[in-house]
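Participant: structure.cif (mmCIF, C-alpha atoms) pasted underneath:
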```
data_input
loop_
_atom_site.label_atom_id
_atom_site.label_comp_id
_atom_site.auth_asym_id
_atom_site.auth_seq_id
_atom_site.Cartn_x
_atom_site.Cartn_y
_atom_site.Cartn_z
CA MET A 1 -10.75 -197.58 -188.35
CA GLU A 2 -8.85 -194.38 -187.61
CA GLN A 3 -7.91 -193.89 -183.98
CA VAL A 4 -8.96 -190.79 -182.10
CA SER A 5 -5.93 -188.69 -181.11
CA GLU A 6 -4.44 -189.15 -177.66
CA GLN A 7 -5.12 -185.50 -176.87
CA SER A 8 -8.82 -185.98 -177.68
CA VAL A 9 -9.09 -188.97 -175.33
CA ILE A 10 -7.36 -187.00 -172.57
CA GLN A 11 -9.87 -184.18 -173.08
CA ILE A 12 -12.81 -186.62 -172.99
CA VAL A 13 -11.61 -188.14 -169.71
CA ASN A 14 -10.88 -184.75 -168.14
CA THR A 15 -14.32 -183.44 -169.09
CA LEU A 16 -15.99 -186.58 -167.72
CA MET A 17 -14.16 -186.30 -164.39
CA GLN A 18 -14.89 -182.59 -164.09
CA HIS A 19 -18.60 -183.01 -164.80
CA ALA A 20 -18.96 -185.88 -162.33
CA ILE A 21 -17.27 -183.90 -159.56
CA GLU A 22 -19.35 -180.77 -160.31
CA ARG A 23 -22.56 -182.82 -160.16
CA GLY A 24 -21.55 -184.19 -156.75
CA ALA A 25 -21.40 -187.80 -157.98
CA SER A 26 -20.03 -190.36 -155.56
CA ASP A 27 -19.16 -192.92 -158.26
CA ILE A 28 -18.60 -193.14 -162.01
CA HIS A 29 -19.53 -196.42 -163.70
CA LEU A 30 -17.94 -197.20 -167.08
CA GLU A 31 -19.54 -200.33 -168.51
CA SER A 32 -18.10 -202.05 -171.59
CA ARG A 33 -20.94 -203.25 -173.82
CA GLN A 34 -21.06 -204.92 -177.20
CA ASP A 35 -21.88 -201.63 -178.93
CA GLY A 36 -19.83 -199.19 -176.86
CA LEU A 37 -19.07 -197.72 -173.44
CA ARG A 38 -21.98 -196.79 -171.18
CA VAL A 39 -21.20 -194.19 -168.51
CA ARG A 40 -23.42 -193.71 -165.47
CA LEU A 41 -23.07 -191.42 -162.45
CA ARG A 42 -24.23 -192.27 -158.95
CA ILE A 43 -25.79 -189.11 -157.54
CA ASP A 44 -27.51 -189.07 -154.15
CA GLY A 45 -27.45 -192.87 -154.08
CA LEU A 46 -29.00 -193.59 -157.50
CA LEU A 47 -27.39 -194.23 -160.89
CA TYR A 48 -28.17 -191.95 -163.84
CA ASP A 49 -27.13 -192.39 -167.48
CA HIS A 50 -24.60 -189.73 -168.46
CA LYS A 51 -22.84 -190.62 -171.74
CA PHE A 52 -22.52 -193.38 -174.29
CA PHE A 53 -19.22 -193.56 -176.20
CA ASP A 54 -18.62 -195.32 -179.48
CA LYS A 55 -17.05 -198.77 -179.37
CA MET A 56 -13.90 -197.33 -180.97
CA LEU A 57 -13.33 -195.05 -177.99
CA MET A 58 -14.03 -197.67 -175.34
CA PRO A 59 -10.53 -199.20 -174.97
CA GLN A 60 -8.83 -195.81 -175.24
CA ILE A 61 -10.89 -194.24 -172.44
CA ILE A 62 -10.40 -197.25 -170.16
CA SER A 63 -6.65 -197.30 -170.91
CA ARG A 64 -6.29 -193.57 -170.19
CA LEU A 65 -7.96 -193.99 -166.78
CA LYS A 66 -5.79 -197.02 -165.99
CA VAL A 67 -2.68 -194.97 -166.78
CA LEU A 68 -3.85 -192.22 -164.41
CA ALA A 69 -4.47 -194.82 -161.70
CA ASN A 70 -1.06 -196.51 -162.19
CA MET A 71 -2.66 -199.77 -163.30
CA ASP A 72 -1.38 -202.32 -165.83
CA ILE A 73 -3.08 -201.41 -169.12
CA ALA A 74 -2.05 -204.72 -170.71
CA GLN A 75 -3.75 -206.80 -168.02
CA LYS A 76 -7.43 -207.11 -168.87
CA ARG A 77 -8.34 -210.54 -167.52
CA VAL A 78 -8.05 -209.96 -163.76
CA PRO A 79 -9.50 -207.24 -161.50
CA GLN A 80 -7.23 -204.34 -160.59
CA ASP A 81 -7.31 -201.46 -158.12
CA GLY A 82 -5.66 -198.07 -158.35
CA LYS A 83 -6.07 -194.41 -157.46
CA PHE A 84 -5.24 -190.90 -158.60
CA GLN A 85 -5.97 -187.31 -157.59
CA LEU A 86 -7.45 -184.19 -159.16
CA LEU A 87 -7.75 -180.61 -158.00
CA LYS A 88 -11.11 -178.90 -157.53
CA ASN A 89 -10.79 -175.22 -156.63
CA ASP A 90 -7.38 -175.91 -155.08
CA VAL A 91 -8.83 -178.79 -153.03
CA GLN A 92 -7.46 -182.27 -153.60
CA VAL A 93 -10.05 -184.84 -154.67
CA ASP A 94 -9.13 -188.53 -154.36
CA LEU A 95 -10.40 -190.99 -156.97
CA ARG A 96 -10.22 -194.75 -156.33
CA VAL A 97 -10.44 -196.97 -159.39
CA SER A 98 -11.52 -200.59 -159.63
CA THR A 99 -11.73 -202.75 -162.77
CA PHE A 100 -13.60 -206.00 -163.32
CA PRO A 101 -13.40 -208.26 -166.42
CA THR A 102 -16.72 -208.77 -168.22
CA LEU A 103 -18.05 -210.42 -171.37
CA PHE A 104 -17.44 -207.39 -173.61
CA GLY A 105 -14.43 -205.84 -171.89
CA GLN A 106 -13.63 -204.19 -168.58
CA LYS A 107 -16.12 -202.66 -166.17
CA MET A 108 -14.57 -199.74 -164.30
CA VAL A 109 -15.92 -197.99 -161.23
CA ILE A 110 -14.35 -194.76 -159.95
CA ARG A 111 -15.18 -193.72 -156.37
CA ILE A 112 -14.94 -189.95 -155.91
CA LEU A 113 -13.83 -188.81 -152.46
CA ASP A 114 -14.43 -185.07 -152.51
CA PRO A 115 -13.73 -183.50 -149.09
CA THR A 116 -15.83 -180.45 -150.00
CA GLU A 117 -18.87 -182.75 -150.37
CA LYS A 118 -18.27 -184.56 -147.07
CA ASN A 119 -20.45 -183.01 -144.41
CA ILE A 120 -18.79 -183.54 -141.02
CA ASP A 121 -20.82 -180.99 -139.05
CA ILE A 122 -22.73 -182.94 -136.42
CA THR A 123 -25.61 -180.47 -136.49
CA CYS A 124 -26.20 -180.99 -140.23
CA LEU A 125 -26.62 -184.77 -140.30
CA GLY A 126 -30.40 -184.52 -140.07
CA MET A 127 -30.97 -185.61 -136.46
CA SER A 128 -33.86 -184.23 -134.44
CA VAL A 129 -33.02 -182.06 -131.44
CA GLU A 130 -33.60 -184.97 -129.06
CA GLN A 131 -31.52 -187.41 -131.13
CA LEU A 132 -28.68 -184.89 -131.41
CA GLN A 133 -28.64 -184.32 -127.64
CA LYS A 134 -28.44 -188.07 -126.99
CA PHE A 135 -25.69 -188.48 -129.56
CA GLN A 136 -23.67 -185.63 -128.08
CA GLN A 137 -24.04 -187.10 -124.60
CA LEU A 138 -22.76 -190.49 -125.76
CA LEU A 139 -19.77 -188.83 -127.40
CA VAL A 140 -18.63 -187.08 -124.21
CA ASP A 141 -18.89 -190.20 -122.04
CA PRO A 142 -15.35 -191.18 -120.97
CA GLN A 143 -15.92 -194.82 -121.90
CA GLY A 144 -18.41 -197.03 -123.71
CA PHE A 145 -19.06 -198.87 -126.96
CA PHE A 146 -21.17 -196.96 -129.49
CA LEU A 147 -22.22 -198.57 -132.78
CA VAL A 148 -23.65 -197.02 -135.95
CA THR A 149 -25.50 -199.52 -138.13
CA GLY A 150 -27.08 -199.64 -141.56
CA PRO A 151 -26.46 -201.03 -145.05
CA THR A 152 -23.54 -200.06 -147.27
CA GLY A 153 -23.87 -196.45 -148.42
CA SER A 154 -26.12 -195.34 -145.56
CA GLY A 155 -23.70 -192.68 -144.27
CA LYS A 156 -22.30 -194.55 -141.25
CA THR A 157 -18.72 -193.36 -141.77
CA THR A 158 -19.85 -189.76 -142.25
CA THR A 159 -21.70 -189.90 -138.93
CA LEU A 160 -18.61 -191.27 -137.15
CA TYR A 161 -16.40 -188.59 -138.76
CA ALA A 162 -18.87 -185.93 -137.64
CA GLY A 163 -18.79 -187.33 -134.12
CA LEU A 164 -14.99 -187.42 -134.00
CA SER A 165 -14.74 -183.87 -135.35
CA HIS A 166 -17.20 -182.72 -132.68
CA ILE A 167 -15.17 -184.13 -129.76
CA ASN A 168 -11.71 -183.57 -131.23
CA SER A 169 -9.47 -181.48 -128.95
CA GLN A 170 -5.81 -181.22 -127.96
CA GLU A 171 -6.54 -182.92 -124.62
CA LYS A 172 -7.66 -186.17 -126.29
CA ASN A 173 -5.74 -188.77 -128.23
CA ILE A 174 -8.10 -190.04 -130.95
CA VAL A 175 -6.95 -193.02 -133.03
CA THR A 176 -8.82 -194.66 -135.90
CA LEU A 177 -8.47 -197.93 -137.78
CA GLU A 178 -10.08 -197.77 -141.22
CA ASP A 179 -10.36 -199.67 -144.50
CA PRO A 180 -9.82 -197.40 -146.33
CA ILE A 181 -9.29 -193.93 -144.84
CA GLU A 182 -11.92 -191.93 -146.71
CA TYR A 183 -11.16 -188.44 -145.43
CA HIS A 184 -8.40 -186.91 -143.36
CA ILE A 185 -9.37 -185.22 -140.10
CA GLU A 186 -6.84 -182.75 -138.73
CA ASP A 187 -5.09 -183.72 -135.46
CA ILE A 188 -6.52 -187.26 -135.42
CA THR A 189 -4.29 -190.32 -135.90
CA GLN A 190 -5.84 -192.37 -138.70
CA GLY A 191 -4.61 -195.89 -139.43
CA HIS A 192 -5.18 -197.80 -142.67
CA ILE A 193 -5.29 -201.59 -142.47
CA HIS A 194 -3.49 -203.79 -145.03
CA PRO A 195 -4.82 -207.36 -144.85
CA GLU A 196 -2.41 -208.48 -147.61
CA ALA A 197 0.50 -207.53 -145.35
CA GLY A 198 -1.11 -209.13 -142.32
CA PHE A 199 -2.31 -205.83 -140.81
CA THR A 200 -5.92 -206.79 -140.08
CA PHE A 201 -8.56 -205.11 -137.92
CA GLU A 202 -7.83 -207.62 -135.15
CA LYS A 203 -4.06 -207.00 -135.14
CA GLY A 204 -4.58 -203.30 -135.64
CA MET A 205 -6.87 -203.08 -132.60
CA ARG A 206 -4.33 -204.84 -130.39
CA SER A 207 -1.58 -202.48 -131.51
CA LEU A 208 -3.82 -199.42 -131.39
CA LEU A 209 -4.57 -199.94 -127.69
CA ARG A 210 -0.84 -199.58 -126.95
CA GLN A 211 -0.96 -196.05 -128.43
CA ASP A 212 -2.50 -194.61 -125.24
CA PRO A 213 -5.81 -193.65 -126.90
CA ASP A 214 -8.70 -191.87 -125.22
CA ILE A 215 -11.08 -192.49 -128.10
CA VAL A 216 -10.92 -195.31 -130.65
CA MET A 217 -12.79 -195.51 -133.95
CA VAL A 218 -12.82 -198.87 -135.77
CA GLY A 219 -14.15 -198.74 -139.32
CA GLU A 220 -16.22 -201.91 -138.98
CA ILE A 221 -16.80 -204.79 -136.58
CA ARG A 222 -16.37 -207.76 -138.92
CA ASP A 223 -15.80 -210.74 -136.64
CA MET A 224 -15.89 -211.98 -133.06
CA GLN A 225 -12.20 -211.24 -132.42
CA THR A 226 -12.50 -207.57 -133.39
CA ALA A 227 -15.75 -207.27 -131.41
CA ARG A 228 -14.14 -208.75 -128.29
CA ILE A 229 -11.13 -206.43 -128.46
CA ALA A 230 -13.41 -203.41 -128.97
CA ILE A 231 -15.54 -204.47 -125.99
CA GLN A 232 -12.44 -205.00 -123.87
CA ALA A 233 -11.24 -201.50 -124.79
CA ALA A 234 -14.63 -200.02 -123.86
CA MET A 235 -14.55 -201.80 -120.49
CA THR A 236 -11.07 -200.51 -119.66
CA GLY A 237 -11.69 -196.80 -119.91
CA HIS A 238 -11.93 -196.03 -123.63
CA LEU A 239 -14.70 -194.64 -125.78
CA VAL A 240 -14.97 -196.96 -128.79
CA LEU A 241 -16.94 -196.03 -131.93
CA SER A 242 -17.58 -198.43 -134.78
CA THR A 243 -20.06 -199.66 -137.41
CA LEU A 244 -21.97 -202.86 -138.07
CA HIS A 245 -24.24 -204.05 -140.89
CA THR A 246 -27.80 -204.67 -139.65
CA ASN A 247 -31.25 -203.44 -140.67
CA ASP A 248 -32.08 -201.58 -137.47
CA ALA A 249 -30.77 -200.78 -133.98
CA PRO A 250 -32.33 -203.73 -132.04
CA SER A 251 -30.81 -206.18 -134.55
CA VAL A 252 -27.31 -205.15 -133.43
CA VAL A 253 -27.75 -206.97 -130.12
CA MET A 254 -28.77 -210.17 -131.92
CA ARG A 255 -25.87 -209.80 -134.38
CA LEU A 256 -23.34 -209.52 -131.54
CA MET A 257 -24.84 -212.59 -129.88
CA ASP A 258 -24.62 -214.47 -133.19
CA MET A 259 -20.92 -213.55 -133.28
CA GLY A 260 -20.50 -215.31 -129.94
CA ILE A 261 -20.45 -212.25 -127.66
CA GLU A 262 -21.98 -213.13 -124.30
CA PRO A 263 -24.94 -211.03 -123.06
CA PHE A 264 -23.05 -209.91 -119.95
CA LEU A 265 -20.28 -208.40 -122.14
CA ILE A 266 -22.86 -206.58 -124.26
CA ASN A 267 -24.46 -205.17 -121.11
CA ALA A 268 -21.13 -204.13 -119.62
CA SER A 269 -19.86 -202.30 -122.70
CA LEU A 270 -22.57 -201.20 -125.16
CA SER A 271 -23.76 -197.67 -124.43
CA GLY A 272 -25.84 -196.91 -127.51
CA ILE A 273 -26.75 -197.85 -131.07
CA LEU A 274 -27.63 -195.55 -133.96
CA ALA A 275 -29.31 -197.02 -137.04
CA GLN A 276 -29.54 -194.82 -140.11
CA ARG A 277 -30.39 -194.48 -143.79
CA LEU A 278 -29.82 -191.73 -146.35
CA VAL A 279 -32.81 -190.32 -148.23
CA ARG A 280 -32.83 -187.77 -151.02
CA VAL A 281 -33.88 -184.23 -150.11
CA LEU A 282 -36.56 -182.57 -152.20
CA CYS A 283 -35.35 -179.64 -154.28
CA PHE A 284 -36.46 -176.55 -152.39
CA THR A 285 -36.94 -174.59 -155.62
CA CYS A 286 -39.37 -176.88 -157.42
CA LYS A 287 -41.05 -179.20 -154.90
CA VAL A 288 -44.85 -179.16 -155.10
CA SER A 289 -47.46 -180.01 -152.46
CA ARG A 290 -50.49 -182.23 -152.95
CA ILE A 291 -53.18 -184.08 -151.02
CA LEU A 292 -52.41 -187.65 -150.01
CA THR A 293 -54.07 -190.50 -151.84
CA GLU A 294 -56.32 -192.84 -149.89
CA LYS A 295 -53.67 -195.57 -149.99
CA GLU A 296 -50.99 -193.19 -148.70
CA GLN A 297 -53.27 -192.08 -145.87
CA GLU A 298 -53.78 -195.72 -144.89
CA THR A 299 -50.00 -196.26 -144.89
CA CYS A 300 -49.42 -193.26 -142.61
CA MET A 301 -52.26 -194.19 -140.27
CA ARG A 302 -50.81 -197.69 -139.93
CA TYR A 303 -47.73 -196.13 -138.37
CA GLY A 304 -49.61 -193.65 -136.23
CA PHE A 305 -49.05 -190.59 -138.42
CA CYS A 306 -51.68 -188.25 -139.74
CA LEU A 307 -50.69 -186.17 -142.76
CA ASP A 308 -52.85 -183.86 -144.82
CA THR A 309 -50.41 -182.96 -147.56
CA VAL A 310 -47.09 -184.20 -148.88
CA TYR A 311 -44.49 -182.78 -151.26
CA ASP A 312 -43.42 -184.36 -154.54
CA ALA A 313 -40.33 -183.99 -156.72
CA GLN A 314 -40.89 -182.05 -159.92
CA GLY A 315 -37.52 -181.09 -161.43
CA CYS A 316 -35.97 -177.79 -162.45
CA GLN A 317 -32.69 -176.25 -163.55
CA ASP A 318 -31.37 -176.05 -159.98
CA CYS A 319 -31.61 -179.82 -159.50
CA PHE A 320 -30.80 -180.85 -163.10
CA ASP A 321 -34.45 -181.86 -163.58
CA VAL A 322 -34.17 -184.65 -160.98
CA GLY A 323 -36.41 -183.09 -158.31
CA TYR A 324 -33.97 -183.90 -155.52
CA LYS A 325 -30.83 -182.16 -154.33
CA GLY A 326 -28.59 -183.74 -151.71
CA ARG A 327 -29.39 -186.29 -149.03
CA VAL A 328 -30.23 -186.27 -145.35
CA GLY A 329 -30.17 -188.98 -142.70
CA ILE A 330 -33.08 -190.62 -140.95
CA PHE A 331 -32.15 -192.13 -137.61
CA GLU A 332 -33.11 -194.60 -134.93
CA MET A 333 -31.36 -194.08 -131.58
CA MET A 334 -31.37 -196.92 -129.05
CA LEU A 335 -29.87 -196.26 -125.61
CA PHE A 336 -29.14 -198.77 -122.87
CA ASN A 337 -30.76 -198.54 -119.45
CA ASP A 338 -31.31 -201.00 -116.59
CA ALA A 339 -34.51 -202.39 -118.11
CA MET A 340 -32.81 -203.11 -121.44
CA ARG A 341 -29.78 -204.69 -119.77
CA THR A 342 -32.00 -206.92 -117.63
CA LEU A 343 -33.83 -208.05 -120.75
CA ILE A 344 -30.61 -208.77 -122.68
CA SER A 345 -29.23 -210.87 -119.82
CA HIS A 346 -32.06 -213.36 -120.49
CA SER A 347 -31.18 -213.82 -124.22
CA PRO A 348 -34.39 -212.24 -125.57
CA SER A 349 -35.87 -212.40 -129.06
CA ILE A 350 -35.50 -209.51 -131.48
CA ASP A 351 -39.19 -208.64 -130.99
CA ASP A 352 -38.67 -208.37 -127.22
CA ILE A 353 -35.70 -206.02 -127.69
CA ARG A 354 -37.63 -203.91 -130.18
CA ALA A 355 -40.63 -203.65 -127.85
CA GLN A 356 -38.43 -202.64 -124.91
CA ALA A 357 -36.61 -200.04 -127.02
CA LYS A 358 -39.95 -198.58 -128.07
CA THR A 359 -41.06 -198.46 -124.43
CA ASP A 360 -37.82 -196.64 -123.62
CA GLY A 361 -38.68 -193.97 -126.18
CA MET A 362 -36.84 -195.11 -129.31
CA VAL A 363 -38.18 -193.44 -132.46
CA SER A 364 -38.07 -195.87 -135.41
CA LEU A 365 -36.42 -195.12 -138.74
CA LEU A 366 -39.83 -194.96 -140.40
CA ALA A 367 -41.27 -192.61 -137.77
CA ASP A 368 -38.25 -190.30 -138.04
CA GLY A 369 -38.64 -190.33 -141.81
CA LEU A 370 -42.37 -189.58 -141.63
CA GLU A 371 -41.58 -186.54 -139.49
CA LYS A 372 -39.29 -185.28 -142.26
CA VAL A 373 -42.08 -185.97 -144.79
CA LYS A 374 -44.39 -183.87 -142.63
CA GLN A 375 -41.83 -181.04 -142.63
CA GLY A 376 -41.58 -181.17 -146.44
CA ILE A 377 -37.91 -182.18 -146.40
CA ILE A 378 -38.37 -185.52 -148.19
CA SER A 379 -41.11 -187.13 -150.25
CA LEU A 380 -43.24 -190.01 -149.01
CA GLN A 381 -42.27 -192.10 -152.05
CA GLU A 382 -38.58 -191.60 -151.32
CA LEU A 383 -39.00 -192.62 -147.69
CA LEU A 384 -40.90 -195.79 -148.57
CA ARG A 385 -38.31 -196.62 -151.25
CA VAL A 386 -35.50 -196.51 -148.70
CA VAL A 387 -37.14 -197.95 -145.58
CA THR A 388 -39.72 -200.51 -146.71
#
```
I'd like the structure from this file rewritten - as structure tokens, please.
Facilitator:
Amino acid sequence: MEQVSEQSVIQIVNTLMQHAIERGASDIHLESRQDGLRVRLRIDGLLYDHKFFDKMLMPQIISRLKVLANMDIAQKRVPQDGKFQLLKNDVQVDLRVSTFPTLFGQKMVIRILDPTEKNIDITCLGMSVEQLQKFQQLLVDPQGFFLVTGPTGSGKTTTLYAGLSHINSQEKNIVTLEDPIEYHIEDITQGHIHPEAGFTFEKGMRSLLRQDPDIVMVGEIRDMQTARIAIQAAMTGHLVLSTLHTNDAPSVVMRLMDMGIEPFLINASLSGILAQRLVRVLCFTCKVSRILTEKEQETCMRYGFCLDTVYDAQGCQDCFDVGYKGRVGIFEMMLFNDAMRTLISHSPSIDDIRAQAKTDGMVSLLADGLEKVKQGIISLQELLRVVT
């Protein structure tokens, strides 16, 4: 069969990249199938079908992208990683490429890191006034250990970047340790770990503390050693920010205990925990209001909320007929006081911690989301999809 010209393949790839960036996609999935190449875009957390290319074009498109990413085009049987850059309105966009061998060829995923899409304004994360005030107070404390938790893709790194940008000043030495560095922040020292070379989070933390930092950001607490070094740093006059993977804020305490961190160290260092999720925002142009169904009313009442109307996604030209445009965070802020520390010292259950946090005024993820439903920012269906 006659091959498509090299120039045509280049144009196909360029058009695909341009469209994905314009749509605000975070990832491009190119899936080799028996009958051709399926292309999907991840927009606001969900995958949408974009294109389907003929089987003849499949190896040429994959090869072109591997060339751009400086990958070995002849090697198709093992996973590879690479990266390249494009310009969007004179702004550099980083694209990170990963391949994975499959039954019918290579699966390729391209992560798009567009700095113009990265919201690092602390006031635009979606926090309530009370949550924002608490967050700002934690960020100006001279020392402490503050953790942001949630599943992969819940916006944890964006929240930390927003926090660092908010407190960044010439009087402070801010040092980060990340895997990878997603976005550059001016006047902040950002370190990129390389486990293959022996530069792990644990070794990086030990070295980082010799850099005379005021504020330390560690991309993720992955093991007991990293957790202990972070806690030690927090107890010796540093503000330490990091992330952890748990379902909610109270679960962080149990996770640290499971790692082998003693309760007295948790009490001495941990200043606050922020759990979060990202939910899609209703398109302002086309959202429509309606009365709740009986089942929806029962769901809201179960959580102590009374709603008369909700808004649904409809779809229009502004939102590409999706009904949603962008995402916003829902949050759960848990602060540490004497009552919580006394409870933790007795190795409590997760239910005990959750009850104490609620007594102390913690607003749950679901309650924060329901407030945004009430304000018409998000739909009830979207909230329940993300939280329940």
Participant: With a distance cut-off of 10 Å and all atoms listed in the file, select the neighbouring residues of His194 in chain A, excluding the residue or stretch itself and same-chain residues fewer than 2 positions from it, and output the selection as a ChimeraX atom specification.
Facilitator: /A:178-180,191-192,196-201,204
Participant: Might you spell out which residues the PyMOL selection byres ((chain A and resi 226-238) around 8) would select in the displayed file, as a list of chain:residue names?
Facilitator: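 Applying the expression gives A:Pro142, A:Gln143, A:Gly144, A:Phe145, A:Phe201, A:Glu202, A:Met205, A:Arg206, A:Leu209, A:Pro213, A:Asp214, A:Ile215, A:Val216, A:Ile221, A:Arg222, A:Asp223, A:Met224, A:Gln225, A:Leu239, A:Val240, A:Leu256, A:Ile261, A:Leu265, A:Ile266, A:Ala268, A:Ser269, A:Leu270.
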Participant: Could those selected residues go to a file with C-alpha atoms, as a short mmCIF file (atom, residue, chain, number, x, y, z; two decimals), keeping the file's coordinate frame?
Facilitator:
```
data_model
loop_
_atom_site.label_atom_id
_atom_site.label_comp_id
_atom_site.auth_asym_id
_atom_site.auth_seq_id
_atom_site.Cartn_x
_atom_site.Cartn_y
_atom_site.Cartn_z
CA PRO A 142 -15.35 -191.18 -120.97
CA GLN A 143 -15.92 -194.82 -121.90
CA GLY A 144 -18.41 -197.03 -123.71
CA PHE A 145 -19.06 -198.87 -126.96
CA PHE A 201 -8.56 -205.11 -137.92
CA GLU A 202 -7.83 -207.62 -135.15
CA MET A 205 -6.87 -203.08 -132.60
CA ARG A 206 -4.33 -204.84 -130.39
CA LEU A 209 -4.57 -199.94 -127.69
CA PRO A 213 -5.81 -193.65 -126.90
CA ASP A 214 -8.70 -191.87 -125.22
CA ILE A 215 -11.08 -192.49 -128.10
CA VAL A 216 -10.92 -195.31 -130.65
CA ILE A 221 -16.80 -204.79 -136.58
CA ARG A 222 -16.37 -207.76 -138.92
CA ASP A 223 -15.80 -210.74 -136.64
CA MET A 224 -15.89 -211.98 -133.06
CA GLN A 225 -12.20 -211.24 -132.42
CA LEU A 239 -14.70 -194.64 -125.78
CA VAL A 240 -14.97 -196.96 -128.79
CA LEU A 256 -23.34 -209.52 -131.54
CA ILE A 261 -20.45 -212.25 -127.66
CA LEU A 265 -20.28 -208.40 -122.14
CA ILE A 266 -22.86 -206.58 -124.26
CA ALA A 268 -21.13 -204.13 -119.62
CA SER A 269 -19.86 -202.30 -122.70
CA LEU A 270 -22.57 -201.20 -125.16
#
```
Participant: Might you pull out every residue within 12 Å of Thr342 in chain A, with only C-alpha atoms counted and same-chain residues fewer than 3 positions away left off, and present them as a PDB file with C-alpha atoms, in the frame of the given file?
Facilitator:
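New file part_39.pdb:
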```
ATOM      1  CA  PRO A 263     -24.940-211.030-123.060  1.00  0.00           C
ATOM      2  CA  PHE A 264     -23.050-209.910-119.950  1.00  0.00           C
ATOM      3  CA  ILE A 266     -22.860-206.580-124.260  1.00  0.00           C
ATOM      4  CA  ASN A 267     -24.460-205.170-121.110  1.00  0.00           C
ATOM      5  CA  ALA A 268     -21.130-204.130-119.620  1.00  0.00           C
ATOM      6  CA  PHE A 336     -29.140-198.770-122.870  1.00  0.00           C
ATOM      7  CA  ASN A 337     -30.760-198.540-119.450  1.00  0.00           C
ATOM      8  CA  ASP A 338     -31.310-201.000-116.590  1.00  0.00           C
ATOM      9  CA  ALA A 339     -34.510-202.390-118.110  1.00  0.00           C
ATOM     10  CA  SER A 345     -29.230-210.870-119.820  1.00  0.00           C
ATOM     11  CA  HIS A 346     -32.060-213.360-120.490  1.00  0.00           C
ATOM     12  CA  SER A 347     -31.180-213.820-124.220  1.00  0.00           C
ATOM     13  CA  PRO A 348     -34.390-212.240-125.570  1.00  0.00           C
ATOM     14  CA  ASP A 352     -38.670-208.370-127.220  1.00  0.00           C
ATOM     15  CA  ILE A 353     -35.700-206.020-127.690  1.00  0.00           C
ATOM     16  CA  GLN A 356     -38.430-202.640-124.910  1.00  0.00           C
TER      17      GLN A 356
END
```
Participant: Kindly give the distance, in Å, that separates CA of Met217 in chain A and CA of Leu95 in chain A, rounded to a single decimal.
Facilitator: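 Going from CA of Met217 in chain A over to CA of Leu95 in chain A covers 23.6 Å.
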Participant: From the options A:Val373, A:Ile378, A:Leu147, A:Ile62, which residue's atoms come nearest to Cys283 in chain A, counting all atoms listed in the file?
Facilitator: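 For Cys283 in chain A, the nearest of the given residues is A:Ile378.
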Participant: List as a VMD selection string the protein and nucleic acid residues near Val78 in chain A, meaning an atom at most 12 Å away when all atoms listed in the file are counted, but skip any in the same chain fewer than 3 places from it.
Facilitator: chain A and resid 71 to 75 81 98 to 102 105 to 107
Participant: Do a neighbour search on Val97 in chain A at 12 Å with all atoms listed in the file, toss out local chain neighbours closer than 2 positions, and write the hits as an mmCIF file with C-alpha atoms, in the coordinates of the input.
Facilitator:
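Output file part_33.cif is given in full below:
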```
data_model
loop_
_atom_site.group_PDB
_atom_site.id
_atom_site.type_symbol
_atom_site.label_atom_id
_atom_site.label_comp_id
_atom_site.auth_asym_id
_atom_site.auth_seq_id
_atom_site.Cartn_x
_atom_site.Cartn_y
_atom_site.Cartn_z
ATOM 1 C CA ASP A 27 -19.160 -192.920 -158.260
ATOM 2 C CA ILE A 28 -18.600 -193.140 -162.010
ATOM 3 C CA HIS A 29 -19.530 -196.420 -163.700
ATOM 4 C CA LEU A 30 -17.940 -197.200 -167.080
ATOM 5 C CA ILE A 62 -10.400 -197.250 -170.160
ATOM 6 C CA LEU A 65 -7.960 -193.990 -166.780
ATOM 7 C CA LYS A 66 -5.790 -197.020 -165.990
ATOM 8 C CA VAL A 67 -2.680 -194.970 -166.780
ATOM 9 C CA LEU A 68 -3.850 -192.220 -164.410
ATOM 10 C CA ALA A 69 -4.470 -194.820 -161.700
ATOM 11 C CA ASN A 70 -1.060 -196.510 -162.190
ATOM 12 C CA MET A 71 -2.660 -199.770 -163.300
ATOM 13 C CA PRO A 79 -9.500 -207.240 -161.500
ATOM 14 C CA GLN A 80 -7.230 -204.340 -160.590
ATOM 15 C CA ASP A 81 -7.310 -201.460 -158.120
ATOM 16 C CA GLY A 82 -5.660 -198.070 -158.350
ATOM 17 C CA LYS A 83 -6.070 -194.410 -157.460
ATOM 18 C CA PHE A 84 -5.240 -190.900 -158.600
ATOM 19 C CA GLN A 85 -5.970 -187.310 -157.590
ATOM 20 C CA ASP A 94 -9.130 -188.530 -154.360
ATOM 21 C CA LEU A 95 -10.400 -190.990 -156.970
ATOM 22 C CA THR A 99 -11.730 -202.750 -162.770
ATOM 23 C CA PHE A 100 -13.600 -206.000 -163.320
ATOM 24 C CA LYS A 107 -16.120 -202.660 -166.170
ATOM 25 C CA MET A 108 -14.570 -199.740 -164.300
ATOM 26 C CA VAL A 109 -15.920 -197.990 -161.230
ATOM 27 C CA ILE A 110 -14.350 -194.760 -159.950
ATOM 28 C CA ARG A 111 -15.180 -193.720 -156.370
ATOM 29 C CA ILE A 112 -14.940 -189.950 -155.910
ATOM 30 C CA LEU A 113 -13.830 -188.810 -152.460
#
```
Participant: Pick from A:Val279, A:Glu332, A:Gln190, A:Tyr183: nearest to Ile43 in chain A, with all atoms listed in the file counted?
Facilitator: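 For Ile43 in chain A, the nearest of the given residues is A:Val279.
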Participant: Between A:Val252, A:Ile344, A:Leu335, A:Leu177, which is the closest to Asp360 in chain A once you count all atoms listed in the file?
Facilitator: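 Among A:Val252, A:Ile344, A:Leu335, A:Leu177, it is A:Leu335 that comes nearest to Asp360 in chain A.
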